[in-house]
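Undergrad: Sharing query26.cif below, mmCIF, C-alpha atoms:
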data_upload
loop_
_atom_site.label_atom_id
_atom_site.label_comp_id
_atom_site.auth_asym_id
_atom_site.auth_seq_id
_atom_site.Cartn_x
_atom_site.Cartn_y
_atom_site.Cartn_z
CA GLY R 1 67.82 -4.16 45.73
CA CYS R 2 64.45 -5.72 46.41
CA PRO R 3 63.78 -7.53 49.66
CA PRO R 4 63.23 -11.33 49.38
CA GLY R 5 59.75 -12.26 48.06
CA ALA R 6 59.06 -8.78 46.62
CA PHE R 7 58.70 -7.65 42.99
CA CYS R 8 60.50 -4.45 42.17
CA GLU R 9 60.25 -2.32 39.07
CA PRO R 10 62.72 0.43 38.27
CA GLY R 11 61.29 3.93 38.51
CA GLU R 12 61.41 7.31 40.36
CA VAL R 13 59.40 7.86 43.48
CA GLU R 14 58.14 11.36 44.20
CA PRO R 15 58.80 12.68 47.69
CA PRO R 16 55.79 13.24 49.94
CA PRO R 17 54.31 16.71 49.81
CA ALA R 18 55.88 19.18 52.18
CA HIS R 19 53.87 20.39 55.13
CA PRO R 20 52.83 24.07 55.02
CA ALA R 21 55.33 26.36 56.74
CA THR R 22 54.27 27.69 60.13
CA PRO R 23 55.00 31.43 60.53
CA VAL R 24 57.49 32.21 63.30
CA ALA R 25 57.05 35.41 65.31
CA PRO R 26 60.08 37.67 65.20
CA ARG R 27 62.20 37.80 68.35
CA VAL R 28 61.67 40.96 70.31
CA PRO R 29 64.75 42.01 72.31
CA LEU R 30 64.13 42.28 76.01
CA GLU R 31 64.35 45.74 77.51
CA ASP R 32 67.60 46.36 79.29
CA PRO R 33 66.58 46.60 82.97
CA TRP R 34 69.66 48.72 83.73
CA SER R 35 69.39 51.16 80.85
CA ASP R 36 68.04 53.84 83.17
CA GLY R 37 70.83 53.83 85.70
CA LEU R 38 73.76 51.47 85.04
CA PRO R 39 76.98 53.48 85.32
CA PRO R 40 79.50 53.15 82.49
CA LEU R 41 82.69 51.16 82.87
CA ALA R 42 85.35 52.79 84.98
CA PRO R 43 88.37 54.11 83.06
CA GLY R 44 90.80 51.23 82.49
CA ALA R 45 88.35 48.53 83.65
CA ASP R 46 88.43 45.13 81.95
CA PRO R 47 85.13 44.73 80.04
CA THR R 48 85.46 40.92 80.16
CA LYS R 49 85.30 40.82 83.95
CA PRO R 50 81.89 40.24 85.50
CA ARG R 51 80.23 43.25 87.07
CA VAL R 52 78.56 42.85 90.46
CA ILE R 53 75.45 45.00 90.61
CA VAL R 54 73.73 45.86 93.90
CA VAL R 55 70.36 47.58 93.68
CA HIS R 56 68.95 49.45 96.65
CA PRO R 57 65.17 49.69 96.29
CA ALA R 58 63.57 53.10 96.07
CA GLN R 59 62.62 54.67 99.38
CA PRO R 60 59.92 57.27 100.01
CA GLY R 61 61.22 60.51 98.57
CA LYS R 62 64.34 58.86 97.08
CA SER R 63 64.99 57.13 93.76
CA ARG R 64 66.50 53.67 93.27
CA GLU R 65 70.27 53.47 93.84
CA VAL R 66 72.50 51.22 91.75
CA VAL R 67 75.98 50.29 93.07
CA VAL R 68 78.43 48.55 90.72
CA TYR R 69 81.53 46.61 91.77
CA GLU R 70 84.04 45.92 88.98
CA GLY R 71 86.53 43.24 89.93
CA SER R 72 87.85 44.12 93.39
CA GLU R 73 87.38 47.88 92.97
CA TYR R 74 84.28 49.80 93.99
CA THR R 75 83.24 52.55 91.60
CA PRO R 76 80.54 54.67 93.26
CA ARG R 77 78.30 56.97 91.34
CA PRO R 78 79.86 60.45 91.30
CA PRO R 79 78.21 62.80 93.83
CA PRO R 80 75.90 65.46 92.44
CA PRO R 81 77.36 68.96 92.17
CA ARG R 82 77.07 70.99 95.36
CA ARG R 83 74.10 73.30 95.26
CA ARG R 84 74.97 76.91 95.95
CA TYR R 85 72.25 77.92 98.32
CA ARG R 86 70.58 81.27 97.99
CA ASN R 87 71.15 82.04 101.63
CA ILE R 88 73.60 80.96 104.26
CA ASP R 89 73.13 77.59 105.89
CA THR R 90 76.20 75.79 107.19
CA SER R 91 74.29 72.49 107.29
CA GLY R 92 74.20 72.50 103.47
CA GLU R 93 70.43 72.83 103.14
CA ALA R 94 69.17 75.40 100.67
CA LEU R 95 67.25 78.34 102.09
CA ASP R 96 64.97 80.23 99.72
CA ARG R 97 64.22 83.12 102.08
CA PRO R 98 66.00 86.11 103.64
CA LEU R 99 67.70 85.93 107.02
CA TYR R 100 67.13 88.18 110.01
CA GLY R 101 69.75 88.77 112.68
CA LEU R 102 70.28 90.28 116.11
CA ALA R 103 73.85 91.42 116.86
CA LEU R 104 75.14 92.05 120.38
CA ARG R 105 78.62 93.57 120.78
CA ALA R 106 81.21 95.23 122.96
CA GLU R 107 83.36 98.02 121.57
CA ALA R 108 86.27 100.28 122.32
CA ALA R 109 87.34 103.54 120.68
CA LEU R 110 90.89 104.08 119.45
CA LEU R 111 91.91 107.49 120.82
CA SER R 112 95.12 109.44 120.46
CA ARG R 113 96.93 110.03 123.74
CA GLN R 114 97.23 113.66 124.83
CA PRO R 115 99.53 115.02 127.55
CA ASP R 116 96.55 116.53 129.38
CA SER R 117 94.55 113.26 129.31
CA PRO R 118 96.88 110.25 129.74
CA ASN R 119 94.01 108.12 131.08
CA SER R 120 91.64 108.69 128.18
CA GLY R 121 89.56 105.77 126.99
CA ILE R 122 86.02 105.19 125.73
CA GLY R 123 84.13 101.90 125.45
CA GLY R 124 80.63 100.53 125.55
CA VAL R 125 78.08 98.09 124.18
CA GLY R 126 75.73 98.02 121.23
CA VAL R 127 72.92 96.14 119.55
CA SER R 128 71.88 95.86 115.90
CA VAL R 129 69.12 94.29 113.86
CA ARG R 130 70.12 92.91 110.48
CA TYR R 131 68.28 91.99 107.31
CA ARG R 132 70.11 89.72 104.87
CA PRO R 133 68.11 89.27 101.65
CA THR R 134 70.98 87.50 99.84
CA PRO R 135 74.11 85.65 101.00
CA SER R 136 76.36 88.52 99.91
CA PHE R 137 74.47 91.54 101.22
CA ALA R 138 72.95 92.67 104.53
CA MET R 139 71.58 95.86 106.09
CA ASP R 140 72.37 96.76 109.71
CA ALA R 141 70.61 99.28 111.97
CA GLY R 142 72.42 99.79 115.27
CA LEU R 143 72.20 101.58 118.60
CA ASP R 144 75.25 101.94 120.87
CA VAL R 145 75.94 103.41 124.31
CA VAL R 146 79.54 104.40 125.03
CA GLY R 147 81.31 106.44 127.66
CA GLY R 148 84.59 107.28 129.34
CA VAL R 149 87.21 110.00 129.16
CA ASP R 150 87.85 111.65 125.79
CA THR R 151 91.11 113.00 124.39
CA ASN R 152 90.48 116.40 126.03
CA GLY R 153 90.24 114.80 129.46
CA PHE R 154 86.49 115.41 129.70
CA SER R 155 83.94 112.90 130.91
CA ARG R 156 81.84 111.83 127.92
CA ARG R 157 78.60 109.88 127.43
CA GLU R 158 77.50 109.21 123.86
CA VAL R 159 74.66 107.41 122.05
CA PRO R 160 75.36 106.73 118.32
CA VAL R 161 72.60 105.54 115.97
CA SER R 162 73.82 104.05 112.68
CA VAL R 163 72.59 102.49 109.43
CA SER R 164 75.12 100.44 107.47
CA SER R 165 75.43 98.15 104.46
CA MET R 166 77.46 94.94 104.70
CA LEU R 167 79.02 93.16 101.70
CA TYR R 168 80.10 89.53 102.30
CA LEU R 169 82.85 88.49 99.88
CA ASN R 170 82.80 84.72 100.63
CA PRO R 171 79.35 83.94 102.06
CA GLY R 172 79.63 80.17 101.67
CA ASP R 173 82.58 79.75 104.07
CA PHE R 174 82.84 79.29 107.82
CA SER R 175 84.98 82.44 108.09
CA GLN R 176 83.20 85.14 106.09
CA PHE R 177 85.03 88.38 105.30
CA TYR R 178 82.84 91.46 104.94
CA LEU R 179 83.07 95.17 104.19
CA VAL R 180 80.85 97.63 106.05
CA GLY R 181 79.97 101.26 105.47
CA GLY R 182 77.18 103.66 106.35
CA MET R 183 75.99 106.81 108.13
CA ASN R 184 75.53 107.67 111.79
CA VAL R 185 73.99 110.30 114.03
CA SER R 186 75.40 110.62 117.53
CA PHE R 187 74.27 112.46 120.67
CA ALA R 188 76.95 113.28 123.24
CA ARG R 189 77.20 114.99 126.63
CA VAL R 190 80.56 116.13 127.99
CA ALA R 191 81.41 117.40 131.44
CA SER R 192 84.46 118.95 133.08
CA SER R 193 85.49 119.50 136.69
CA TYR R 194 86.27 123.11 135.79
CA LEU R 195 84.61 125.93 133.89
CA GLU R 196 85.51 125.72 130.23
CA SER R 197 85.39 128.70 127.90
CA ASN R 198 84.11 126.61 125.00
CA PHE R 199 81.30 124.90 126.98
CA ALA R 200 77.85 126.41 126.53
CA GLY R 201 76.90 125.31 130.06
CA GLY R 202 80.10 126.39 131.76
CA ASN R 203 81.28 122.93 132.79
CA VAL R 204 78.92 120.83 130.60
CA ASP R 205 77.91 120.83 126.96
CA GLU R 206 75.91 118.69 124.53
CA TYR R 207 76.84 117.84 120.95
CA THR R 208 74.99 116.32 118.00
CA TYR R 209 77.04 114.80 115.19
CA LEU R 210 76.44 113.58 111.67
CA GLY R 211 79.10 111.24 110.31
CA ALA R 212 80.09 108.20 108.30
CA GLN R 213 81.77 104.92 109.19
CA PHE R 214 83.59 102.39 107.06
CA GLY R 215 85.62 99.28 107.79
CA ALA R 216 85.96 95.51 107.48
CA GLY R 217 85.62 92.41 109.61
CA PHE R 218 85.08 88.65 109.86
CA GLU R 219 81.99 86.67 110.76
CA PHE R 220 82.61 83.11 111.98
CA ARG R 221 79.52 81.01 111.31
CA PHE R 222 79.35 78.29 113.98
CA SER R 223 75.86 77.11 113.03
CA ARG R 224 72.79 78.18 111.15
CA ALA R 225 71.68 80.35 114.09
CA LEU R 226 74.90 81.47 115.78
CA ALA R 227 77.90 83.48 114.59
CA PHE R 228 80.74 85.49 116.13
CA ASN R 229 82.02 88.63 114.46
CA VAL R 230 84.86 91.08 114.91
CA ASP R 231 85.52 94.23 112.90
CA ALA R 232 87.34 97.55 112.85
CA LEU R 233 85.73 100.82 111.78
CA GLY R 234 86.94 104.29 110.97
CA VAL R 235 84.57 107.11 111.92
CA VAL R 236 84.57 110.71 110.66
CA ARG R 237 81.95 113.24 111.75
CA SER R 238 81.06 116.88 112.33
CA ARG R 239 78.71 118.73 114.66
CA ILE R 240 75.32 119.68 113.26
CA ASP R 241 73.96 121.47 116.38
CA SER R 242 74.30 125.16 117.05
CA ASP R 243 77.57 126.10 118.75
CA GLY R 244 76.60 129.71 119.35
CA ASN R 245 77.97 130.92 116.02
CA GLY R 246 81.41 129.63 116.83
CA ARG R 247 81.45 130.68 120.50
CA TYR R 248 81.41 127.07 121.78
CA PRO R 249 83.40 124.84 119.41
CA GLU R 250 84.09 121.29 120.51
CA TYR R 251 87.86 121.64 120.20
CA TYR R 252 89.58 124.88 121.15
CA ASP R 253 93.28 125.65 121.68
CA PRO R 254 93.67 128.89 123.70
CA LYS R 255 97.34 129.11 122.78
CA SER R 256 96.90 129.05 119.00
CA GLY R 257 93.24 130.04 118.83
CA PHE R 258 92.51 126.99 116.63
CA SER R 259 88.97 125.60 116.91
CA SER R 260 87.09 122.77 115.18
CA ASN R 261 83.80 120.90 115.27
CA SER R 262 84.99 117.94 113.18
CA SER R 263 86.63 114.79 114.50
CA GLY R 264 87.62 111.25 113.62
CA SER R 265 88.44 108.05 115.48
CA GLY R 266 88.75 104.30 115.18
CA LEU R 267 86.47 101.68 116.68
CA LEU R 268 87.03 98.00 117.49
CA ARG R 269 83.93 95.80 117.90
CA ALA R 270 83.35 92.15 118.76
CA GLY R 271 80.19 90.21 119.56
CA LEU R 272 77.62 87.55 118.71
CA VAL R 273 75.02 87.41 115.95
CA LEU R 274 71.83 85.35 116.21
CA TRP R 275 70.31 84.45 112.81
CA TRP R 276 66.87 83.11 112.01
#
Write the structure described by the file as structure tokens, please.

TA:
Amino acid sequence: GCPPGAFCEPGEVEPPPAHPATPVAPRVPLEDPWSDGLPPLAPGADPTKPRVIVVHPAQPGKSREVVVYEGSEYTPRPPPPRRRYRNIDTSGEALDRPLYGLALRAEAALLSRQPDSPNSGIGGVGVSVRYRPTPSFAMDAGLDVVGGVDTNGFSRREVPVSVSSMLYLNPGDFSQFYLVGGMNVSFARVASSYLESNFAGGNVDEYTYLGAQFGAGFEFRFSRALAFNVDALGVVRSRIDSDGNGRYPEYYDPKSGFSSNSSGSGLLRAGLVLWW
């Protein structure tokens, strides 16, 4: 109806013109700030529970670290796979270069007991330099000085020079098992208190041998620079010097007439190795 005092006429009133529409910019989703490092949910975790995120800022030489706590359980980022270093380093740091070593040892020969020489025994010391281009392989060049009483009851002084290869079967462990094998040349001088028919000098003689050694041992790696090793070797060899066309063989049995210039023995060694 009309308000009091007003004249009204029936009719339709057009609505006011609409205002022009203002364009609205599309919503751009914000970049997920954790998309480059947020770990996934732990197996069995409740996705509705809030996740507590702790961010450790990046340090010089290190990237940012993100730690996530889900409920009351801490789910750390899994550790990176252990890097198999190219050369031995018990501290875990990779070494991309060969190793060099100096080995110092004491040794004793394993001799058969003979009735004529119940007090036989030979021992001595040795030194080696080693080159280890890979964790599993090394070369060893050694010089030893040994002496004592041999199985014939003669006083013996001997200087072996050897070159060997060493194969490490488990180079990444503290206790490393290795196989060793190589060649040797040895220079010996023997002496007797009596004149011997098979000695070129009457009561003294000198021998030169060419032989081979093979065996196995353990190296215990206490640190990057220090190790202790123990091994057992078998040695076979034969004389390469002149024995007077068989007149002065090393071994001669006057009862049977048997003679020989070949021999074999065992050797036990133990010592320290310095690596750098």

Undergrad: Counting only C-alpha atoms, what is within 9 Å of R:Glu158, bar same-chain residues fewer than 6 positions away, as a list of chain:residue names?

TA: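 Everything that qualifies: R:Asp144, R:Val145, R:Val146, R:Gly147, R:Ser186, R:Phe187, R:Ala188, R:Arg189, R:Val190.
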
Undergrad: What gap, in Å, lies between atom CA of R:Ile122 and atom CA of R:Asp150?

TA: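 Distance between the two atoms: 6.7 Å.
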
Undergrad: The PyMOL selection byres ((chain R and resi 132) around 8) on the file shown: which residues, as number ranges by chain?

TA: R: 98-101, 130-131, 133-135, 137-139

Undergrad: Can you pull out the residues contacting R:Ser192? Cut-off 7 Å, using only C-alpha atoms, and skip same-chain residues under 5 positions away; I want them as a count of residues only.

TA: 4

Undergrad: Rounded to one decimal, what separation in Å do you get between atom CA of R:Ser242 and atom CA of R:Tyr209?

TA: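 That distance, rounded to one decimal, is 10.9 Å.
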
Undergrad: Report, in Å with one decimal, the straight-line distance from atom CA of R:Glu250 to atom CA of R:Gly202.

TA: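 Separating atom CA of R:Glu250 from atom CA of R:Gly202 is a distance of 13.0 Å.
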
Undergrad: Just so the selection is clear, what residues does the PyMOL selection byres ((chain R and resi 248) around 10) cover here, as a list of chain:residue names?

TA: R:Glu196, R:Ser197, R:Asn198, R:Phe199, R:Ala200, R:Gly201, R:Asp205, R:Ser242, R:Asp243, R:Gly244, R:Asn245, R:Gly246, R:Arg247, R:Pro249, R:Glu250, R:Tyr251, R:Tyr252, R:Ser259, R:Ser260, R:Asn261

Undergrad: How about saving the chosen residues, C-alpha atoms kept, as an mmCIF file, in the frame of the given file?

TA:
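Wrote it out as out-v9.cif, contents follow:
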data_model
loop_
_atom_site.group_PDB
_atom_site.id
_atom_site.type_symbol
_atom_site.label_atom_id
_atom_site.label_comp_id
_atom_site.auth_asym_id
_atom_site.auth_seq_id
_atom_site.Cartn_x
_atom_site.Cartn_y
_atom_site.Cartn_z
ATOM 1 C CA GLU R 196 85.510 125.720 130.230
ATOM 2 C CA SER R 197 85.390 128.700 127.900
ATOM 3 C CA ASN R 198 84.110 126.610 125.000
ATOM 4 C CA PHE R 199 81.300 124.900 126.980
ATOM 5 C CA ALA R 200 77.850 126.410 126.530
ATOM 6 C CA GLY R 201 76.900 125.310 130.060
ATOM 7 C CA ASP R 205 77.910 120.830 126.960
ATOM 8 C CA SER R 242 74.300 125.160 117.050
ATOM 9 C CA ASP R 243 77.570 126.100 118.750
ATOM 10 C CA GLY R 244 76.600 129.710 119.350
ATOM 11 C CA ASN R 245 77.970 130.920 116.020
ATOM 12 C CA GLY R 246 81.410 129.630 116.830
ATOM 13 C CA ARG R 247 81.450 130.680 120.500
ATOM 14 C CA PRO R 249 83.400 124.840 119.410
ATOM 15 C CA GLU R 250 84.090 121.290 120.510
ATOM 16 C CA TYR R 251 87.860 121.640 120.200
ATOM 17 C CA TYR R 252 89.580 124.880 121.150
ATOM 18 C CA SER R 259 88.970 125.600 116.910
ATOM 19 C CA SER R 260 87.090 122.770 115.180
ATOM 20 C CA ASN R 261 83.800 120.900 115.270
#

Undergrad: What residues come out when you apply the PyMOL selection byres ((chain R and resi 266) around 7) to this file, written as an MDAnalysis selection string?

TA: chainID R and resid 109:110 233:235 265 267:268

Undergrad: Contacts of stretch 180-185 of chain R at 7 Å or less, counting all atoms listed in the file, minus same-chain residues fewer than 5 places along, as a compact mmCIF listing (two decimals) with C-alpha atoms, in the coordinates of the input?

TA:
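Here's the written file selection_0.txt:
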# COMPACT_ATOMS: atom_id res chain seq x y z
CA PRO R 160 75.36 106.73 118.32
CA VAL R 161 72.60 105.54 115.97
CA SER R 162 73.82 104.05 112.68
CA VAL R 163 72.59 102.49 109.43
CA SER R 164 75.12 100.44 107.47
CA SER R 165 75.43 98.15 104.46
CA MET R 166 77.46 94.94 104.70
CA LEU R 167 79.02 93.16 101.70
CA TYR R 209 77.04 114.80 115.19
CA LEU R 210 76.44 113.58 111.67
CA GLY R 211 79.10 111.24 110.31
CA ALA R 212 80.09 108.20 108.30
CA GLN R 213 81.77 104.92 109.19
CA PHE R 214 83.59 102.39 107.06
CA GLY R 215 85.62 99.28 107.79
CA ALA R 216 85.96 95.51 107.48

Undergrad: Do a neighbour search on R:Tyr168 at 6 Å with only C-alpha atoms, toss out local chain neighbours closer than 2 positions, and write the hits as a ChimeraX atom specification.

TA: /R:136,170-171,177-178

Undergrad: Go through R:Ser193, R:Asn229, R:Ser238, R:Ser256 one by one, measure the shortest atom-to-atom distance of each to R:Arg269 using only C-alpha atoms, and give the residue with the smallest value.

TA: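 When distances to R:Arg269 are compared using only C-alpha atoms, the smallest one comes from R:Asn229.
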
Undergrad: Tell me which protein, DNA and RNA residues are within 9 Å of R:Gly126, counting only C-alpha atoms, leaving out same-chain ones fewer than 2 positions away, and put them as a list in words.

TA: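 Once the adjacent positions are removed, what remains is Ala103, Leu104, Arg105, Ala106, Glu107, Gly124, Ser128, Gly142, Leu143, Asp144, Val145 and Val146 of chain R.
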
Undergrad: Which of these, R:Asp253, R:Asp231, R:Asp173, R:Glu219, has the shortest distance to R:Val273 once you count all atoms listed in the file?

TA: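 Going through R:Asp253, R:Asp231, R:Asp173, R:Glu219 one by one, the smallest distance to R:Val273 is for R:Glu219.
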
Undergrad: Generate N, CA and C atoms for stretch 187-202 of chain R and emit them as a PDB file, in the frame of the given file.

TA:
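Output file rebuild.pdb follows:
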ATOM      1  N   PHE R 187      74.639 111.464 119.661  1.00  0.00           N
ATOM      2  CA  PHE R 187      74.270 112.460 120.670  1.00  0.00           C
ATOM      3  C   PHE R 187      75.209 112.303 121.857  1.00  0.00           C
ATOM      4  N   ALA R 188      75.924 113.370 122.205  1.00  0.00           N
ATOM      5  CA  ALA R 188      76.950 113.280 123.240  1.00  0.00           C
ATOM      6  C   ALA R 188      76.729 114.357 124.312  1.00  0.00           C
ATOM      7  N   ARG R 189      77.186 114.036 125.517  1.00  0.00           N
ATOM      8  CA  ARG R 189      77.200 114.990 126.630  1.00  0.00           C
ATOM      9  C   ARG R 189      78.576 114.917 127.271  1.00  0.00           C
ATOM     10  N   VAL R 190      79.232 116.063 127.398  1.00  0.00           N
ATOM     11  CA  VAL R 190      80.560 116.130 127.990  1.00  0.00           C
ATOM     12  C   VAL R 190      80.507 116.989 129.237  1.00  0.00           C
ATOM     13  N   ALA R 191      81.376 116.665 130.180  1.00  0.00           N
ATOM     14  CA  ALA R 191      81.410 117.400 131.440  1.00  0.00           C
ATOM     15  C   ALA R 191      82.852 117.559 131.895  1.00  0.00           C
ATOM     16  N   SER R 192      83.125 118.658 132.574  1.00  0.00           N
ATOM     17  CA  SER R 192      84.460 118.950 133.080  1.00  0.00           C
ATOM     18  C   SER R 192      84.367 119.322 134.562  1.00  0.00           C
ATOM     19  N   SER R 193      85.446 119.111 135.276  1.00  0.00           N
ATOM     20  CA  SER R 193      85.490 119.500 136.690  1.00  0.00           C
ATOM     21  C   SER R 193      85.705 120.999 136.848  1.00  0.00           C
ATOM     22  N   TYR R 194      85.986 121.681 135.736  1.00  0.00           N
ATOM     23  CA  TYR R 194      86.270 123.110 135.790  1.00  0.00           C
ATOM     24  C   TYR R 194      85.382 123.825 134.771  1.00  0.00           C
ATOM     25  N   LEU R 195      85.300 125.120 134.888  1.00  0.00           N
ATOM     26  CA  LEU R 195      84.610 125.930 133.890  1.00  0.00           C
ATOM     27  C   LEU R 195      85.462 125.986 132.632  1.00  0.00           C
ATOM     28  N   GLU R 196      84.805 125.719 131.503  1.00  0.00           N
ATOM     29  CA  GLU R 196      85.510 125.720 130.230  1.00  0.00           C
ATOM     30  C   GLU R 196      84.942 126.833 129.350  1.00  0.00           C
ATOM     31  N   SER R 197      85.835 127.564 128.700  1.00  0.00           N
ATOM     32  CA  SER R 197      85.390 128.700 127.900  1.00  0.00           C
ATOM     33  C   SER R 197      84.614 128.274 126.663  1.00  0.00           C
ATOM     34  N   ASN R 198      84.819 127.076 126.201  1.00  0.00           N
ATOM     35  CA  ASN R 198      84.110 126.610 125.000  1.00  0.00           C
ATOM     36  C   ASN R 198      82.943 125.695 125.333  1.00  0.00           C
ATOM     37  N   PHE R 199      82.483 125.656 126.582  1.00  0.00           N
ATOM     38  CA  PHE R 199      81.300 124.900 126.980  1.00  0.00           C
ATOM     39  C   PHE R 199      80.124 125.854 127.118  1.00  0.00           C
ATOM     40  N   ALA R 200      79.025 125.533 126.451  1.00  0.00           N
ATOM     41  CA  ALA R 200      77.850 126.410 126.530  1.00  0.00           C
ATOM     42  C   ALA R 200      77.278 126.442 127.942  1.00  0.00           C
ATOM     43  N   GLY R 201      77.429 125.361 128.704  1.00  0.00           N
ATOM     44  CA  GLY R 201      76.900 125.310 130.060  1.00  0.00           C
ATOM     45  C   GLY R 201      77.925 125.580 131.124  1.00  0.00           C
ATOM     46  N   GLY R 202      79.061 126.123 130.778  1.00  0.00           N
ATOM     47  CA  GLY R 202      80.100 126.390 131.760  1.00  0.00           C
ATOM     48  C   GLY R 202      80.994 125.188 131.941  1.00  0.00           C
TER      49      GLY R 202
END
